[in-house]
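Trainee: Below is the file start.cif, with mmCIF, C-alpha atoms.
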data_work
#
loop_
_atom_site.label_atom_id
_atom_site.label_comp_id
_atom_site.auth_asym_id
_atom_site.auth_seq_id
_atom_site.Cartn_x
_atom_site.Cartn_y
_atom_site.Cartn_z
CA MET A 680 -45.02 -45.37 -46.71
CA ALA A 681 -43.57 -43.88 -43.54
CA ALA A 682 -39.81 -43.54 -43.38
CA SER A 683 -37.94 -45.90 -41.08
CA PRO A 684 -36.92 -44.39 -37.72
CA VAL A 685 -33.30 -43.25 -37.54
CA VAL A 686 -31.33 -43.21 -34.27
CA TRP A 687 -27.99 -41.44 -33.89
CA VAL A 688 -25.81 -43.36 -31.43
CA ASN A 689 -23.42 -41.12 -29.56
CA GLY A 690 -20.94 -43.94 -29.04
CA PRO A 691 -20.48 -47.54 -30.20
CA ILE A 692 -23.28 -49.75 -31.49
CA VAL A 693 -22.84 -53.14 -29.81
CA VAL A 694 -24.55 -56.15 -31.40
CA GLY A 695 -25.19 -58.92 -28.87
CA ALA A 696 -26.11 -58.95 -25.18
CA GLY A 697 -24.31 -62.09 -24.11
CA PRO A 698 -21.12 -62.08 -22.02
CA ALA A 699 -19.19 -60.39 -24.85
CA GLY A 700 -21.66 -57.54 -25.38
CA LEU A 701 -22.21 -56.96 -21.67
CA SER A 702 -18.49 -56.90 -20.87
CA VAL A 703 -17.54 -54.42 -23.60
CA ALA A 704 -20.49 -52.16 -22.73
CA ALA A 705 -19.45 -52.26 -19.06
CA CYS A 706 -15.82 -51.49 -19.88
CA LEU A 707 -16.91 -48.60 -22.10
CA ARG A 708 -19.14 -47.19 -19.37
CA GLU A 709 -16.31 -47.36 -16.86
CA ARG A 710 -14.34 -45.14 -19.26
CA GLY A 711 -17.18 -42.68 -19.70
CA VAL A 712 -18.23 -43.85 -23.16
CA PRO A 713 -21.95 -44.45 -23.79
CA SER A 714 -23.12 -47.27 -26.04
CA VAL A 715 -26.26 -48.89 -27.40
CA VAL A 716 -26.53 -52.68 -27.10
CA LEU A 717 -28.89 -54.50 -29.48
CA ASP A 718 -30.02 -58.10 -29.06
CA ARG A 719 -32.59 -60.21 -30.88
CA ALA A 720 -33.68 -62.07 -27.71
CA ASP A 721 -35.70 -60.82 -24.74
CA CYS A 722 -32.97 -61.20 -22.11
CA VAL A 723 -29.24 -61.10 -21.53
CA ALA A 724 -27.26 -64.23 -22.42
CA SER A 725 -30.15 -65.92 -24.24
CA LEU A 726 -27.90 -68.84 -25.24
CA TRP A 727 -27.34 -69.63 -21.57
CA GLN A 728 -30.92 -68.98 -20.56
CA TYR A 729 -32.81 -70.76 -23.34
CA ARG A 730 -30.45 -73.07 -25.22
CA THR A 731 -28.53 -74.98 -22.58
CA TYR A 732 -29.38 -78.07 -20.54
CA ASP A 733 -30.33 -77.87 -16.87
CA ARG A 734 -27.33 -79.70 -15.43
CA LEU A 735 -24.77 -77.51 -17.20
CA CYS A 736 -21.98 -76.00 -15.11
CA LEU A 737 -19.03 -73.90 -16.21
CA HIS A 738 -16.32 -76.22 -17.46
CA LEU A 739 -13.50 -74.09 -16.05
CA PRO A 740 -12.91 -72.76 -12.52
CA ARG A 741 -14.82 -69.57 -11.88
CA HIS A 742 -11.80 -67.25 -11.75
CA PHE A 743 -11.14 -68.03 -15.44
CA CYS A 744 -14.71 -67.06 -16.31
CA GLU A 745 -15.16 -63.70 -14.56
CA LEU A 746 -15.98 -60.67 -16.69
CA PRO A 747 -13.96 -57.46 -16.29
CA GLY A 748 -14.60 -55.45 -13.16
CA MET A 749 -16.74 -57.88 -11.18
CA PRO A 750 -15.78 -61.21 -9.55
CA PHE A 751 -18.19 -64.03 -8.85
CA PRO A 752 -19.78 -64.01 -5.37
CA ASP A 753 -17.69 -65.78 -2.73
CA SER A 754 -20.62 -68.13 -2.10
CA TYR A 755 -20.37 -69.60 -5.61
CA PRO A 756 -18.75 -73.02 -6.05
CA GLU A 757 -15.58 -73.58 -8.06
CA TYR A 758 -17.70 -74.54 -11.09
CA PRO A 759 -20.84 -72.35 -11.01
CA THR A 760 -24.10 -73.78 -12.30
CA LYS A 761 -25.96 -72.47 -15.32
CA ARG A 762 -28.45 -70.66 -13.09
CA GLN A 763 -25.69 -69.11 -11.00
CA PHE A 764 -23.87 -67.90 -14.11
CA VAL A 765 -27.03 -66.34 -15.53
CA SER A 766 -27.66 -64.61 -12.18
CA TYR A 767 -24.10 -63.31 -12.28
CA LEU A 768 -24.60 -61.89 -15.79
CA GLU A 769 -27.87 -60.23 -14.80
CA ALA A 770 -26.19 -58.69 -11.75
CA TYR A 771 -23.26 -57.63 -13.93
CA ALA A 772 -25.56 -55.77 -16.34
CA ALA A 773 -27.35 -54.09 -13.45
CA HIS A 774 -24.11 -53.13 -11.69
CA PHE A 775 -22.73 -51.37 -14.77
CA SER A 776 -26.13 -50.00 -15.84
CA VAL A 777 -26.07 -51.83 -19.17
CA HIS A 778 -29.61 -51.79 -20.56
CA PRO A 779 -29.78 -53.64 -23.90
CA ARG A 780 -32.55 -53.01 -26.40
CA PHE A 781 -34.12 -56.46 -26.50
CA ASN A 782 -36.21 -58.10 -29.24
CA THR A 783 -34.18 -56.05 -31.69
CA SER A 784 -32.78 -58.23 -34.46
CA VAL A 785 -29.99 -56.76 -36.57
CA THR A 786 -30.68 -57.52 -40.23
CA SER A 787 -27.77 -55.64 -41.79
CA ALA A 788 -24.79 -53.50 -40.90
CA ARG A 789 -22.72 -51.64 -43.45
CA TYR A 790 -20.10 -48.91 -43.38
CA ASP A 791 -21.01 -45.75 -45.28
CA ASP A 792 -17.75 -44.53 -46.80
CA ASP A 793 -19.19 -41.16 -47.81
CA ALA A 794 -20.52 -40.36 -44.35
CA GLY A 795 -17.75 -42.14 -42.43
CA LEU A 796 -20.38 -43.88 -40.29
CA TRP A 797 -21.86 -47.32 -39.64
CA ARG A 798 -25.47 -47.89 -40.62
CA VAL A 799 -27.13 -50.72 -38.72
CA HIS A 800 -30.68 -51.83 -39.56
CA ALA A 801 -32.55 -53.67 -36.82
CA GLU A 802 -36.12 -54.96 -36.71
CA ASN A 803 -38.37 -54.87 -33.65
CA GLY A 804 -42.05 -55.78 -33.87
CA GLY A 805 -42.11 -55.29 -37.62
CA VAL A 806 -40.52 -51.84 -37.42
CA VAL A 807 -37.03 -51.44 -38.91
CA THR A 808 -34.89 -48.80 -37.23
CA GLU A 809 -31.61 -47.50 -38.62
CA TYR A 810 -28.92 -46.94 -36.00
CA ILE A 811 -26.04 -44.69 -37.08
CA GLY A 812 -22.72 -44.34 -35.29
CA ARG A 813 -18.94 -44.11 -35.61
CA TRP A 814 -18.16 -47.50 -34.12
CA LEU A 815 -19.60 -50.99 -34.48
CA VAL A 816 -18.77 -53.79 -32.02
CA VAL A 817 -19.66 -57.30 -33.17
CA ALA A 818 -20.37 -59.32 -30.02
CA THR A 819 -22.75 -62.04 -31.23
CA GLY A 820 -20.19 -64.73 -30.47
CA GLU A 821 -19.13 -68.07 -31.86
CA ASN A 822 -22.36 -69.91 -30.95
CA ALA A 823 -25.12 -67.79 -32.46
CA GLU A 824 -26.73 -70.53 -34.58
CA HIS A 825 -26.89 -74.30 -34.16
CA VAL A 826 -25.50 -76.73 -36.71
CA LEU A 827 -27.76 -79.48 -38.09
CA PRO A 828 -25.87 -81.66 -40.58
CA GLU A 829 -27.75 -83.59 -43.24
CA ILE A 830 -27.59 -87.36 -42.67
CA ASN A 831 -28.84 -89.88 -45.22
CA GLY A 832 -32.38 -91.06 -44.48
CA MET A 833 -33.07 -88.59 -41.69
CA LYS A 834 -36.54 -87.89 -43.08
CA ASP A 835 -37.37 -91.59 -42.77
CA PHE A 836 -36.76 -91.64 -39.02
CA CYS A 837 -40.09 -91.88 -37.17
CA GLY A 838 -39.05 -90.49 -33.79
CA PRO A 839 -38.29 -86.92 -32.67
CA VAL A 840 -35.06 -85.28 -33.84
CA SER A 841 -33.79 -82.27 -31.91
CA HIS A 842 -30.64 -80.22 -31.46
CA VAL A 843 -28.92 -80.22 -28.09
CA SER A 844 -29.88 -76.54 -27.80
CA GLU A 845 -33.46 -77.76 -27.22
CA TYR A 846 -32.48 -80.37 -24.62
CA LYS A 847 -33.18 -79.56 -20.97
CA SER A 848 -33.30 -82.86 -19.10
CA GLY A 849 -33.29 -86.59 -19.66
CA ALA A 850 -36.59 -87.03 -17.83
CA PRO A 851 -38.76 -87.22 -21.01
CA TYR A 852 -36.48 -89.95 -22.38
CA SER A 853 -36.68 -92.38 -19.46
CA GLY A 854 -36.67 -95.97 -20.70
CA LYS A 855 -36.03 -94.94 -24.32
CA HIS A 856 -33.15 -95.62 -26.69
CA VAL A 857 -31.61 -92.28 -27.59
CA LEU A 858 -29.04 -91.74 -30.31
CA VAL A 859 -26.80 -88.79 -29.43
CA ILE A 860 -24.83 -87.59 -32.45
CA GLY A 861 -21.59 -85.94 -31.39
CA CYS A 862 -18.99 -86.70 -28.73
CA GLY A 863 -17.92 -83.26 -27.56
CA ASN A 864 -18.66 -81.79 -24.14
CA SER A 865 -22.38 -81.45 -24.91
CA GLY A 866 -22.69 -84.96 -26.32
CA MET A 867 -20.88 -86.51 -23.37
CA GLU A 868 -22.85 -84.56 -20.75
CA VAL A 869 -26.21 -85.23 -22.41
CA CYS A 870 -25.42 -88.95 -22.45
CA LEU A 871 -24.51 -88.79 -18.78
CA ASP A 872 -27.74 -86.94 -18.00
CA LEU A 873 -29.75 -89.47 -19.98
CA CYS A 874 -28.21 -92.27 -17.91
CA ASP A 875 -29.15 -90.47 -14.72
CA HIS A 876 -32.76 -90.48 -15.94
CA ASN A 877 -32.75 -94.19 -16.84
CA ALA A 878 -32.57 -93.68 -20.59
CA LEU A 879 -30.46 -95.88 -22.90
CA PRO A 880 -28.07 -93.60 -24.81
CA ALA A 881 -25.77 -94.48 -27.69
CA MET A 882 -23.20 -91.82 -28.56
CA VAL A 883 -22.20 -91.49 -32.22
CA ALA A 884 -18.51 -90.65 -32.52
CA ARG A 885 -18.93 -90.16 -36.28
CA ASP A 886 -15.61 -89.82 -38.13
CA SER A 887 -14.22 -87.23 -35.74
CA LYS A 888 -11.48 -87.61 -33.16
CA VAL A 889 -11.63 -85.85 -29.82
CA HIS A 890 -9.37 -85.16 -26.88
CA VAL A 891 -10.85 -86.20 -23.54
CA LEU A 892 -9.08 -84.79 -20.51
CA PRO A 893 -9.79 -85.17 -16.80
CA ARG A 894 -11.44 -82.05 -15.42
CA GLU A 895 -8.88 -82.08 -12.61
CA ILE A 896 -5.39 -83.53 -12.18
CA LEU A 897 -4.59 -84.44 -8.57
CA GLY A 898 -7.25 -82.02 -7.36
CA VAL A 899 -6.12 -79.11 -9.56
CA ALA A 900 -8.16 -78.00 -12.56
CA THR A 901 -6.59 -79.27 -15.78
CA PHE A 902 -6.90 -75.82 -17.32
CA SER A 903 -5.02 -74.33 -14.37
CA VAL A 904 -2.27 -76.90 -14.87
CA ALA A 905 -2.06 -76.00 -18.56
CA VAL A 906 -1.90 -72.25 -17.86
CA PHE A 907 0.87 -72.79 -15.31
CA LEU A 908 2.93 -74.98 -17.64
CA LEU A 909 2.57 -72.51 -20.52
CA ARG A 910 4.46 -69.95 -18.44
CA PHE A 911 7.60 -72.08 -18.80
CA LEU A 912 7.13 -74.48 -21.72
CA PRO A 913 6.15 -74.24 -25.40
CA LEU A 914 2.58 -75.14 -26.31
CA TRP A 915 3.50 -78.34 -28.15
CA LEU A 916 5.26 -79.69 -25.08
CA VAL A 917 2.38 -78.76 -22.77
CA ASP A 918 0.04 -80.59 -25.16
CA ARG A 919 2.18 -83.71 -24.92
CA ILE A 920 2.22 -83.53 -21.13
CA LEU A 921 -1.58 -83.14 -21.01
CA VAL A 922 -2.09 -86.13 -23.31
CA LEU A 923 0.32 -88.25 -21.26
CA LEU A 924 -1.37 -87.33 -17.98
CA SER A 925 -4.77 -88.04 -19.50
CA TRP A 926 -3.60 -91.45 -20.69
CA LEU A 927 -2.29 -92.25 -17.20
CA LEU A 928 -5.47 -91.07 -15.46
CA LEU A 929 -8.14 -92.09 -17.97
CA GLY A 930 -6.53 -95.03 -19.73
CA ASN A 931 -6.54 -95.98 -23.40
CA LEU A 932 -9.77 -94.48 -24.74
CA GLU A 933 -9.47 -96.16 -28.14
CA LYS A 934 -10.67 -99.33 -26.43
CA LEU A 935 -13.89 -97.42 -25.72
CA GLY A 936 -14.26 -96.24 -29.32
CA ILE A 937 -12.86 -92.74 -28.71
CA ARG A 938 -9.83 -91.79 -30.79
CA ARG A 939 -7.50 -88.89 -30.08
CA PRO A 940 -6.44 -86.43 -32.82
CA SER A 941 -2.79 -86.27 -33.81
CA ARG A 942 -2.65 -82.56 -32.98
CA GLY A 943 -2.68 -81.55 -29.32
CA PRO A 944 -5.72 -80.31 -27.37
CA LEU A 945 -4.47 -76.74 -26.88
CA GLU A 946 -3.30 -76.45 -30.48
CA LEU A 947 -6.71 -77.57 -31.77
CA LYS A 948 -8.50 -75.20 -29.41
CA ASN A 949 -6.40 -72.23 -30.49
CA THR A 950 -6.37 -72.93 -34.23
CA ARG A 951 -9.67 -74.67 -34.90
CA GLY A 952 -11.82 -73.76 -31.91
CA ARG A 953 -12.23 -77.45 -31.05
CA THR A 954 -12.63 -77.64 -27.28
CA PRO A 955 -11.32 -80.76 -25.54
CA VAL A 956 -13.84 -82.73 -23.52
CA LEU A 957 -13.43 -82.40 -19.77
CA ASP A 958 -14.71 -85.63 -18.28
CA ILE A 959 -17.17 -85.30 -15.40
CA GLY A 960 -18.31 -88.91 -15.27
CA ALA A 961 -19.28 -89.99 -18.77
CA LEU A 962 -16.25 -92.25 -19.22
CA ALA A 963 -17.22 -94.31 -16.19
CA ARG A 964 -20.69 -94.83 -17.67
CA ILE A 965 -19.15 -95.82 -21.00
CA ARG A 966 -16.94 -98.40 -19.27
CA SER A 967 -19.92 -99.76 -17.35
CA GLY A 968 -21.90 -100.15 -20.58
CA ASP A 969 -24.55 -97.57 -19.68
CA ILE A 970 -23.41 -95.46 -22.64
CA GLU A 971 -22.64 -97.23 -25.90
CA VAL A 972 -20.15 -95.59 -28.24
CA VAL A 973 -20.85 -96.27 -31.91
CA PRO A 974 -19.20 -95.15 -35.16
CA GLY A 975 -20.75 -92.94 -37.83
CA ILE A 976 -24.21 -93.39 -39.31
CA ARG A 977 -24.67 -94.64 -42.86
CA ARG A 978 -28.39 -93.98 -42.98
CA PHE A 979 -31.50 -93.71 -40.84
CA PHE A 980 -34.56 -95.94 -40.82
CA CYS A 981 -37.91 -95.50 -39.11
CA ASP A 982 -36.82 -97.19 -35.88
CA GLY A 983 -33.10 -96.55 -35.83
CA ALA A 984 -30.00 -96.33 -37.96
CA GLU A 985 -27.46 -98.38 -39.87
CA LEU A 986 -23.89 -97.66 -38.82
CA VAL A 987 -20.87 -97.41 -41.12
CA ASP A 988 -19.68 -100.80 -39.85
CA GLY A 989 -22.93 -102.44 -40.97
CA ARG A 990 -24.55 -102.79 -37.55
CA ARG A 991 -28.03 -101.48 -36.83
CA VAL A 992 -29.01 -99.65 -33.66
CA THR A 993 -32.49 -99.04 -32.31
CA ALA A 994 -33.48 -95.45 -31.54
CA ASP A 995 -36.65 -93.87 -30.20
CA ALA A 996 -35.21 -90.35 -30.42
CA VAL A 997 -32.20 -88.52 -31.86
CA ILE A 998 -30.36 -85.62 -30.25
CA MET A 999 -27.90 -83.71 -32.42
CA ALA A 1000 -24.95 -82.53 -30.32
CA THR A 1001 -23.37 -81.11 -33.46
CA GLY A 1002 -22.32 -77.68 -32.31
CA TYR A 1003 -22.89 -74.07 -33.27
CA HIS A 1004 -21.55 -71.46 -35.65
CA SER A 1005 -21.26 -67.70 -36.00
CA ASN A 1006 -23.96 -65.80 -37.90
CA VAL A 1007 -21.95 -62.63 -38.63
CA PRO A 1008 -21.77 -63.16 -42.43
CA GLN A 1009 -25.59 -63.12 -42.56
CA TRP A 1010 -25.83 -59.47 -41.50
CA LEU A 1011 -22.42 -57.74 -41.70
CA LYS A 1012 -22.18 -56.51 -45.29
CA GLY A 1013 -19.47 -55.04 -47.50
CA CYS A 1014 -16.67 -56.04 -45.15
CA ASP A 1015 -13.97 -58.69 -45.37
CA PHE A 1016 -12.81 -58.47 -41.75
CA PHE A 1017 -14.67 -61.71 -41.03
CA THR A 1018 -14.29 -64.98 -42.94
CA GLN A 1019 -17.21 -66.83 -44.50
CA GLU A 1020 -17.26 -68.94 -41.32
CA GLY A 1021 -17.83 -65.80 -39.25
CA TYR A 1022 -14.46 -65.42 -37.54
CA PRO A 1023 -11.97 -62.54 -37.79
CA ARG A 1024 -9.39 -63.21 -40.50
CA VAL A 1025 -6.60 -62.01 -38.23
CA PRO A 1026 -5.95 -64.63 -35.54
CA PHE A 1027 -5.74 -64.10 -31.79
CA PRO A 1028 -4.51 -61.90 -30.17
CA ASP A 1029 -4.99 -59.28 -32.91
CA GLY A 1030 -8.46 -60.12 -34.23
CA TRP A 1031 -10.32 -57.60 -32.08
CA LYS A 1032 -9.89 -54.54 -34.32
CA GLY A 1033 -10.79 -53.98 -37.95
CA GLN A 1034 -10.98 -50.89 -40.14
CA SER A 1035 -13.29 -47.87 -39.98
CA GLY A 1036 -14.31 -48.31 -36.35
CA LEU A 1037 -15.15 -52.02 -36.57
CA TYR A 1038 -14.38 -54.23 -33.56
CA SER A 1039 -15.08 -57.79 -32.46
CA VAL A 1040 -15.44 -59.31 -29.00
CA GLY A 1041 -15.85 -63.01 -28.26
CA PHE A 1042 -14.30 -64.65 -31.32
CA THR A 1043 -10.96 -65.70 -29.83
CA ARG A 1044 -11.84 -69.42 -29.47
CA ARG A 1045 -10.69 -68.99 -25.87
CA GLY A 1046 -13.99 -68.90 -24.00
CA LEU A 1047 -14.87 -66.32 -21.39
CA SER A 1048 -11.26 -65.42 -20.64
CA GLY A 1049 -10.85 -64.45 -24.29
CA VAL A 1050 -14.04 -62.39 -24.09
CA SER A 1051 -12.62 -60.38 -21.20
CA LEU A 1052 -9.32 -59.76 -22.97
CA ASP A 1053 -11.09 -58.48 -26.07
CA ALA A 1054 -13.56 -56.34 -24.13
CA VAL A 1055 -10.82 -54.43 -22.31
CA LYS A 1056 -8.79 -53.83 -25.49
CA VAL A 1057 -11.81 -52.67 -27.47
CA ALA A 1058 -13.03 -50.34 -24.72
CA GLN A 1059 -9.58 -48.79 -24.28
CA ASP A 1060 -9.21 -48.18 -28.01
CA ILE A 1061 -12.68 -46.67 -28.46
CA ALA A 1062 -12.29 -44.55 -25.31
CA MET A 1063 -9.08 -43.07 -26.70
CA ALA A 1064 -10.83 -42.12 -29.95
CA TRP A 1065 -13.85 -40.88 -28.01
CA ASN A 1066 -11.72 -38.64 -25.79
CA ASN A 1067 -9.88 -37.24 -28.81
CA GLN A 1068 -13.19 -36.52 -30.51
CA THR A 1069 -14.78 -34.81 -27.51
CA ALA A 1070 -11.62 -32.76 -26.92
CA THR A 1071 -11.93 -31.22 -30.38
CA THR A 1072 -15.66 -30.46 -30.23
#
What would the structure in this file look like if it were written as structure tokens?
Mentor:
Amino acid sequence: MAASPVVWVNGPIVVGAGPAGLSVAACLRERGVPSVVLDRADCVASLWQYRTYDRLCLHLPRHFCELPGMPFPDSYPEYPTKRQFVSYLEAYAAHFSVHPRFNTSVTSARYDDDAGLWRVHAENGGVVTEYIGRWLVVATGENAEHVLPEINGMKDFCGPVSHVSEYKSGAPYSGKHVLVIGCGNSGMEVCLDLCDHNALPAMVARDSKVHVLPREILGVATFSVAVFLLRFLPLWLVDRILVLLSWLLLGNLEKLGIRRPSRGPLELKNTRGRTPVLDIGALARIRSGDIEVVPGIRRFFCDGAELVDGRRVTADAVIMATGYHSNVPQWLKGCDFFTQEGYPRVPFPDGWKGQSGLYSVGFTRRGLSGVSLDAVKVAQDIAMAWNNQTATT
């Protein structure tokens, strides 16, 4: 049997070619440090290209979502579309000459104590190549794999069941009863899109509570308001102000079947990664009756489901808006820097650096702004070590 190819990487090995991987590779290049970027897909930002719905726009104003070293084009709107964001990422990679090795799936990465090097095994077309280098940057992100919870009787349901990552448009569901499980940003927006295509959605709130905030407050992005207030006030007080303003602008959502958590929206985002919903029109469709909000599901039947309150709802299709999770524990071996859930054990802002040349980018639970912060820190730290190494050789 032929030996597996071995590639020495004269710089960091970066796993992931989404916004996190692209930004750290760009920041490294700006500091004169070469890198190799590996990604299992055939394009940059495959999550955005293949696993998001057509109507998706950035939830935050564009200046909060820019990657280091390159602003969005002036022609872009305040909330760029999915296609515009993908175009921006492609232009970003081209501008900084970041050329990922696509269709290259990392199967394992382990630090070799004896050699003082990282050994990364990646498969491409049935051939496993070993990449060896001093630094490893984990940039696969918080949304690498979708979550599909087991629900009693799911196998008995006769219609199609899909994850929201497969959803593109409500057009195929026109005239059908669709059960959307999950009431986060994806669940709300999919329900809104289904309404726009004359479908009949019912949104399952399950047993979870969720913060719903207006996307803008008096014409100013809610996130911008929060960032401004945090300059002067503690987080707990800003949370209370946001909840009060949301109650004044959106009303009492419990009447619609949506309950707020006891902990504030920013606290939950920072500690649990639970993003508040920014309303872009779904609440109006709930109030009008176009979207029905229902409690959790007790079990499925062929033509629908029984709810925990004993009611039965008809469903022709089910869409699971049940989120994503990190896949780092599946391939990063012999290392306790990440938890079993795939997040750095050390919380933000110090979770970007581990031991033995291990780094992470994109696990801050703070979206694209957190990605940029990590990318700059990681690139600066590696560049310092790189310069010290080259100065002594």
Trainee: Could you please determine the separation between CA of Ile811 in chain A and CA of Val716 in chain A in Å, to one decimal place?
Mentor: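 Going from CA of Ile811 in chain A over to CA of Val716 in chain A, I get 12.8 Å.
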Trainee: Could you jot down the CA of Gly975 in chain A to CA of Gly989 in chain A separation for me, Å, one decimal place?
Mentor: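 Between these atoms lies a distance of 10.2 Å.
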Trainee: In Å to one decimal, how far is CA of Phe764 in chain A from CA of Ala724 in chain A?
Mentor: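 Interatomic distance here is 9.7 Å.
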Trainee: With only C-alpha atoms as the basis for distance, which of A:Arg734, A:Arg964, A:His778, A:Arg789 is at the shortest distance from Trp814 in chain A?
Mentor: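 The closest residue to Trp814 in chain A is A:Arg789.
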Trainee: Quick one: of A:Gly804, A:Gly968, A:Gly832, A:Pro756, who's nearest to Phe980 in chain A, counting only C-alpha atoms?
Mentor: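 For Phe980 in chain A, the nearest of the given residues is A:Gly832.
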Trainee: Residues at most 9 Å from range 900-917 of chain A, counting all atoms listed in the file, excluding those fewer than 6 positions away in the same chain, as a list in words?
Mentor: Leu739, Pro740, Phe743, Leu892, Pro893, Arg894, Arg942, Gly943, Leu945, Glu946 and Leu957 of chain A
Trainee: Save the residues we just selected, C-alpha atoms, as a PDB file, in the frame of the given file?
Mentor:
ATOM      1  CA  LEU A 739     -13.500 -74.090 -16.050  1.00  0.00           C
ATOM      2  CA  PRO A 740     -12.910 -72.760 -12.520  1.00  0.00           C
ATOM      3  CA  PHE A 743     -11.140 -68.030 -15.440  1.00  0.00           C
ATOM      4  CA  LEU A 892      -9.080 -84.790 -20.510  1.00  0.00           C
ATOM      5  CA  PRO A 893      -9.790 -85.170 -16.800  1.00  0.00           C
ATOM      6  CA  ARG A 894     -11.440 -82.050 -15.420  1.00  0.00           C
ATOM      7  CA  ARG A 942      -2.650 -82.560 -32.980  1.00  0.00           C
ATOM      8  CA  GLY A 943      -2.680 -81.550 -29.320  1.00  0.00           C
ATOM      9  CA  LEU A 945      -4.470 -76.740 -26.880  1.00  0.00           C
ATOM     10  CA  GLU A 946      -3.300 -76.450 -30.480  1.00  0.00           C
ATOM     11  CA  LEU A 957     -13.430 -82.400 -19.770  1.00  0.00           C
TER      12      LEU A 957
END
Trainee: Can you pull out every residue within 12 Å of Phe1042 in chain A, counting all atoms listed in the file, but drop anything in the same chain fewer than 4 positions away, and send it as a ChimeraX atom specification?
Mentor: /A:698-700,816-823,949-952,1004-1007,1017-1018,1020-1032,1038,1046-1054
Trainee: Which residues are close to Lys847 in chain A, i.e. within 10 Å by all atoms listed in the file, leaving aside same-chain residues fewer than 3 positions away? Reply as a VMD selection string.
Mentor: chain A and resid 729 to 735 843 to 844 850 to 851 869 872
Trainee: To test your reading of the syntax: which residues would the PyMOL selection byres ((chain A and resi 758) around 8) return for the file shown? Reply as a PyMOL selection string.
Mentor: chain A and resi 736-741+755-757+759-760
Trainee: Within 8 Å of Arg938 in chain A, counting all atoms listed in the file, which residues qualify if same-chain residues fewer than 6 places away don't, as a ChimeraX atom specification?
Mentor: /A:888-890,932
Trainee: Within 10 Å of Leu879 in chain A, counting all atoms listed in the file, which residues show up once you throw out same-chain ones fewer than 4 positions away? Write them as an NGL selection string, please.
Mentor: :A and (852-858 or 870 or 873-875 or 968-971 or 994-995)
Trainee: Which residue out of A:Tyr810, A:Trp926, A:Tyr846, A:Trp727 has the minimum interatomic distance to Thr783 in chain A when all atoms listed in the file are used?
Mentor: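 Using all atoms listed in the file, the shortest distance to Thr783 in chain A belongs to A:Tyr810.
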Trainee: When distances are computed from only C-alpha atoms, which of A:Ile937, A:Val806, A:Ile965, A:Met749 shows the smallest separation from His774 in chain A?
Mentor: A:Met749
